[in-house]
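Enquirer: Please find one structure pasted underneath; my questions will follow.
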Amino acid sequence: MNSCEKVEDLHISVLLDELIWAIKVHPDKKNIIVDCTLGLAGHACKMIEKMNPGDTFIGFDADENNLKLAKERIEKSNKNKIEVILIHSNFLNLKEWLLKHWISSVTGVYYDLWLSSVHIDNPTRWFSFQNDGPLDMRFDKRSWITAAEIVNSYHKDDLEKIFSQYWEEPSSRKVAERIALRRKEEKFTTTKDLADLIWEVSKYPKSKTRIFQALRIEVNSELKNLEISLHDAIELLEIWGNIFVISFHSLEDRIVKQKFKRESKDCICRDIICSCGHEKSLKILTKKPILPTEEEQKQNSRSRSAKARHAKKI
Ligand SMILES: C[S@@+](CC[C@H](N)C(=O)[O-])C[C@H]1O[C@@H](n2cnc3c(N)ncnc32)[C@H](O)[C@@H]1O
């Protein structure tokens, strides 16, 4: 960020009014609201504005840099002096962290998945092939595997599976084979190394985007972590508490949709006489996902693939 840029100009929050409307703040009881993907605190600042003195807001981000920027922005806008707890952690550890703060239930929780515009636009973050730099892609520099380690060590069949399962990228097999050949001579270290190789195999511009995104999803275990965290978030919600999830990829949306569906049913086995004992815990409030309006899509092209789902604990 250069000194003239303001934090709020670095990322435009998606479905802002919809999320703020969905996560209810009660005037006559203590609200505890969790933002699992704080980013640059666009949603968080609006949420904090709506909260009352005595309430608690908790924000998670795996990216230390974004967390710092968010902290700066929240400090300026917390006029109601809400208690704010910011946690540098993957939302996978949601439950563990809340327990460390003696919190065993919350009144609202939300996710705004994927990455922030800073990750894409900042030339020193290297999440995209447009900026040359280390082939890393970790949101959290403390996590154990980088994109380079995956590309240099995974079996070519596994690489193919990653590229094709996340994006059904048609050149997956060829790219995986070429990676396996090339790394015998020289390891991949930079985003350019990989981008150039993909370009040699496929001149379809989307191939580079898809393969880079698939790798990022793998590096950060994004789908598995979402599944686990959603489960914990629903468990932590108080009765009538709201959960709202914005996703940007069909596989993420499918995880949210299936989890909400499962938790909104009294029985999940197919036996004539139920043997699973599963009890519903959610009421789905969005039969179809909420999409950004045309106006929002025009103002922020990155909002185009967003889908949000909202449910309430019962
Ligand atoms: C789309 S941005 C959030 C933007 C934010 N809602 C705003 O309005 O400014 C997503 C953020 O989630 C973070 N993130 C992604 N996956 C995460 C995870 N598993 N745990 C914690 N943070 C994560 C990213 O580092 C990024 O800062």
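Labeling convention for the structure tokens: chains A, B, ... as they appear, residues from 1 per chain, ligands from 1 in order of appearance.
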For the structure I just gave you, how does DSSP split segment 56-208 of chain A - specifically, which residues are strand (DSSP E or B)? Reply as a PyMOL selection string.
Expert: chain A and resi 56-61+83-88+106-112+134+190
Enquirer: Using only C-alpha atoms and all ligand atoms, find each residue with an atom at most 8 Å away from ligand 1 and format the answer as a VMD selection string.
Expert: chain A and resid 8 11 to 14 16 35 to 44 60 to 64 66 to 67 70 88 to 92 111 to 117 119 139 to 140 220 to 222 225 to 226
Enquirer: With only C-alpha atoms as the atoms that count, which of A:Ser229, A:Ser164, A:Asn52, A:Asn31 lies nearest to Gly108 of chain A?
Expert: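 Closest to Gly108 of chain A of all the choices is A:Asn31.
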Enquirer: Set the distance at 12 Å and use only C-alpha atoms: which residues neighbour Glu177 of chain A once local chain neighbours fewer than 6 positions away are removed? I'd like the list as a PDB file with N, CA and C atoms, in the first residue's frame.
Expert:
ATOM      1  N   VAL A 151       4.125 -28.176  -6.607  1.00  0.00           N
ATOM      2  CA  VAL A 151       4.480 -28.365  -8.015  1.00  0.00           C
ATOM      3  C   VAL A 151       5.737 -29.228  -8.154  1.00  0.00           C
ATOM      4  N   TYR A 154       4.482 -33.187  -5.860  1.00  0.00           N
ATOM      5  CA  TYR A 154       3.308 -34.055  -6.004  1.00  0.00           C
ATOM      6  C   TYR A 154       3.467 -34.956  -7.235  1.00  0.00           C
ATOM      7  N   HIS A 155       2.924 -36.146  -7.148  1.00  0.00           N
ATOM      8  CA  HIS A 155       2.894 -37.041  -8.302  1.00  0.00           C
ATOM      9  C   HIS A 155       2.095 -36.374  -9.419  1.00  0.00           C
ATOM     10  N   LYS A 156       2.478 -36.643 -10.667  1.00  0.00           N
ATOM     11  CA  LYS A 156       1.804 -35.928 -11.759  1.00  0.00           C
ATOM     12  C   LYS A 156       0.299 -36.230 -11.823  1.00  0.00           C
ATOM     13  N   ASP A 157      -0.096 -37.430 -11.391  1.00  0.00           N
ATOM     14  CA  ASP A 157      -1.538 -37.746 -11.376  1.00  0.00           C
ATOM     15  C   ASP A 157      -2.273 -36.873 -10.355  1.00  0.00           C
ATOM     16  N   ASP A 158      -1.606 -36.606  -9.249  1.00  0.00           N
ATOM     17  CA  ASP A 158      -2.236 -35.760  -8.223  1.00  0.00           C
ATOM     18  C   ASP A 158      -2.331 -34.312  -8.703  1.00  0.00           C
ATOM     19  N   LEU A 159      -1.278 -33.886  -9.405  1.00  0.00           N
ATOM     20  CA  LEU A 159      -1.336 -32.519  -9.955  1.00  0.00           C
ATOM     21  C   LEU A 159      -2.489 -32.407 -10.947  1.00  0.00           C
ATOM     22  N   GLU A 160      -2.600 -33.420 -11.790  1.00  0.00           N
ATOM     23  CA  GLU A 160      -3.681 -33.400 -12.785  1.00  0.00           C
ATOM     24  C   GLU A 160      -5.044 -33.335 -12.076  1.00  0.00           C
ATOM     25  N   LYS A 161      -5.153 -34.141 -11.019  1.00  0.00           N
ATOM     26  CA  LYS A 161      -6.423 -34.189 -10.282  1.00  0.00           C
ATOM     27  C   LYS A 161      -6.759 -32.803  -9.698  1.00  0.00           C
ATOM     28  N   PHE A 163      -5.731 -29.841 -10.754  1.00  0.00           N
ATOM     29  CA  PHE A 163      -6.062 -28.871 -11.804  1.00  0.00           C
ATOM     30  C   PHE A 163      -7.442 -29.147 -12.397  1.00  0.00           C
ATOM     31  N   SER A 171      -6.539 -28.597 -20.135  1.00  0.00           N
ATOM     32  CA  SER A 171      -5.126 -28.918 -20.377  1.00  0.00           C
ATOM     33  C   SER A 171      -4.440 -29.526 -19.139  1.00  0.00           C
ATOM     34  N   ARG A 183      10.625 -30.452 -14.020  1.00  0.00           N
ATOM     35  CA  ARG A 183      11.220 -30.352 -12.678  1.00  0.00           C
ATOM     36  C   ARG A 183      12.393 -31.315 -12.483  1.00  0.00           C
ATOM     37  N   LYS A 184      12.506 -32.301 -13.395  1.00  0.00           N
ATOM     38  CA  LYS A 184      13.672 -33.187 -13.301  1.00  0.00           C
ATOM     39  C   LYS A 184      14.929 -32.401 -13.617  1.00  0.00           C
ATOM     40  N   LEU A 197       5.374 -22.188 -18.454  1.00  0.00           N
ATOM     41  CA  LEU A 197       5.150 -23.590 -18.830  1.00  0.00           C
ATOM     42  C   LEU A 197       3.688 -23.808 -19.247  1.00  0.00           C
ATOM     43  N   ILE A 198       2.750 -23.221 -18.502  1.00  0.00           N
ATOM     44  CA  ILE A 198       1.332 -23.395 -18.861  1.00  0.00           C
ATOM     45  C   ILE A 198       1.092 -22.797 -20.249  1.00  0.00           C
ATOM     46  N   VAL A 201       1.949 -24.984 -23.063  1.00  0.00           N
ATOM     47  CA  VAL A 201       1.023 -26.094 -23.287  1.00  0.00           C
ATOM     48  C   VAL A 201      -0.312 -25.595 -23.847  1.00  0.00           C
TER      49      VAL A 201
END
Enquirer: Using only C-alpha atoms for the distances, tell me which of A:Met47, A:Leu282, A:Leu99, A:Leu181 is nearest to Glu18 of chain A.
Expert: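 Of the candidates, the smallest distance to Glu18 of chain A is held by A:Met47.
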Enquirer: Between A:Phe188, A:Phe260, A:Trp144, A:Phe212, which has the minimum distance to Trp167 of chain A (counting only C-alpha atoms)?
Expert: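 Ranking A:Phe188, A:Phe260, A:Trp144, A:Phe212 by distance to Trp167 of chain A, first place goes to A:Phe212.
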Enquirer: I'd like to know which of A:Trp240, A:Lys208, A:His249, A:Gln299 is closest to Leu223 of chain A, using only C-alpha atoms.
Expert: A:His249
Enquirer: Calculate how many Å separate atom CA of Ser301 of chain A from atom CA of Asn122 of chain A, rounding to one decimal.
Expert: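 For atom CA of Ser301 of chain A relative to atom CA of Asn122 of chain A, the distance reads 17.6 Å.
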Enquirer: List the neighbours of Val256 of chain A out to 10 Å using only C-alpha atoms; skip same-chain residues closer than 3 positions along the sequence, and give me the result as a PyMOL selection string.
Expert: chain A and resi 226-227+230-231+244-247+250-253+259-262+308-310
Enquirer: Nearest residue to Gln130 of chain A out of A:Leu194, A:Ala311, A:Ile239, A:Leu285, using only C-alpha atoms?
Expert: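 Closest to Gln130 of chain A of all the choices is A:Leu194.
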Enquirer: What does the distance between atom CA of Ala233 of chain A and atom CA of Leu94 of chain A come to in Å, to one decimal place?
Expert: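 For atom CA of Ala233 of chain A relative to atom CA of Leu94 of chain A, the distance reads 7.5 Å.
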Enquirer: Tell me which protein, DNA and RNA residues are within 12 Å of Thr209 of chain A, counting only C-alpha atoms, leaving out same-chain ones fewer than 6 positions away, and put them as JSON, numbers by chain.
Expert: {"A": [120, 127, 128, 129, 130, 163, 166, 167, 169, 191, 194, 195, 198, 199, 202, 203, 215, 216]}
Enquirer: Hey, what's within 9 Å of Glu218 of chain A if we count only C-alpha atoms and toss same-chain stuff fewer than 4 positions away? As an MDAnalysis selection string, please?
Expert: chainID A and resid 147 150 162 213:214 222:223
Enquirer: For the selection you just gave me, I'd like the residues written to a file as a compact mmCIF listing (two decimals), in the first residue's frame, keeping N, CA and C atoms.
Expert:
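part-v3.txt was written with the following content:
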# COMPACT_ATOMS: atom_id res chain seq x y z
N ALA A 147 3.12 -23.35 -2.89
CA ALA A 147 2.77 -23.80 -4.24
C ALA A 147 3.98 -24.45 -4.91
N ILE A 150 4.40 -28.01 -3.80
CA ILE A 150 3.40 -28.90 -4.42
C ILE A 150 3.81 -29.22 -5.86
N ILE A 162 -5.76 -32.17 -9.14
CA ILE A 162 -6.00 -30.83 -8.55
C ILE A 162 -6.45 -29.86 -9.63
N GLN A 213 -5.38 -20.74 -9.71
CA GLN A 213 -6.40 -20.74 -8.65
C GLN A 213 -6.52 -22.13 -8.02
N ALA A 214 -6.43 -23.16 -8.85
CA ALA A 214 -6.53 -24.53 -8.32
C ALA A 214 -5.38 -24.80 -7.34
N GLU A 222 -8.42 -24.99 1.04
CA GLU A 222 -9.58 -24.11 1.22
C GLU A 222 -10.90 -24.86 1.38
N LEU A 223 -11.07 -25.95 0.64
CA LEU A 223 -12.38 -26.63 0.68
C LEU A 223 -12.54 -27.43 1.96
Enquirer: Would you kindly return, as a list of chain:residue names, each protein, DNA or RNA residue with an atom no farther than 12 Å from any atom of Glu294 of chain A, considering only C-alpha atoms and excluding same-chain residues fewer than 3 positions away?
Expert: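 Residues near the query, excluding close chain neighbours: A:Leu15, A:Leu291, A:Gln297, A:Lys298, A:Gln299, A:Asn300, A:Ser301, A:Ser303, A:Arg304, A:Ser305.
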Enquirer: Save the residues we just selected, N, CA and C atoms, as an mmCIF file, in the first residue's frame?
Expert:
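Result written to result-v3.cif:
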data_model
loop_
_atom_site.group_PDB
_atom_site.id
_atom_site.type_symbol
_atom_site.label_atom_id
_atom_site.label_comp_id
_atom_site.auth_asym_id
_atom_site.auth_seq_id
_atom_site.Cartn_x
_atom_site.Cartn_y
_atom_site.Cartn_z
ATOM 1 N N LEU A 15 -21.713 -7.733 -1.674
ATOM 2 C CA LEU A 15 -23.002 -8.003 -1.001
ATOM 3 C C LEU A 15 -23.020 -7.421 0.418
ATOM 4 N N LEU A 291 -27.580 -13.138 -5.195
ATOM 5 C CA LEU A 291 -26.544 -12.723 -6.149
ATOM 6 C C LEU A 291 -26.421 -11.196 -6.099
ATOM 7 N N GLN A 297 -22.683 -5.467 -9.854
ATOM 8 C CA GLN A 297 -21.757 -6.134 -10.785
ATOM 9 C C GLN A 297 -21.075 -5.125 -11.702
ATOM 10 N N LYS A 298 -21.856 -4.070 -12.071
ATOM 11 C CA LYS A 298 -21.272 -3.037 -12.938
ATOM 12 C C LYS A 298 -20.193 -2.263 -12.190
ATOM 13 N N GLN A 299 -20.489 -1.950 -10.920
ATOM 14 C CA GLN A 299 -19.533 -1.149 -10.146
ATOM 15 C C GLN A 299 -18.312 -1.954 -9.716
ATOM 16 N N ASN A 300 -18.493 -3.262 -9.550
ATOM 17 C CA ASN A 300 -17.388 -4.091 -9.062
ATOM 18 C C ASN A 300 -17.406 -5.420 -9.819
ATOM 19 N N SER A 301 -16.602 -5.490 -10.867
ATOM 20 C CA SER A 301 -16.660 -6.682 -11.723
ATOM 21 C C SER A 301 -16.265 -7.946 -10.941
ATOM 22 N N SER A 303 -17.359 -8.846 -8.241
ATOM 23 C CA SER A 303 -18.514 -9.394 -7.497
ATOM 24 C C SER A 303 -19.306 -10.387 -8.344
ATOM 25 N N ARG A 304 -18.993 -10.442 -9.646
ATOM 26 C CA ARG A 304 -19.848 -11.197 -10.578
ATOM 27 C C ARG A 304 -20.084 -12.655 -10.211
ATOM 28 N N SER A 305 -19.055 -13.300 -9.676
ATOM 29 C CA SER A 305 -19.240 -14.731 -9.396
ATOM 30 C C SER A 305 -19.712 -14.993 -7.963
#
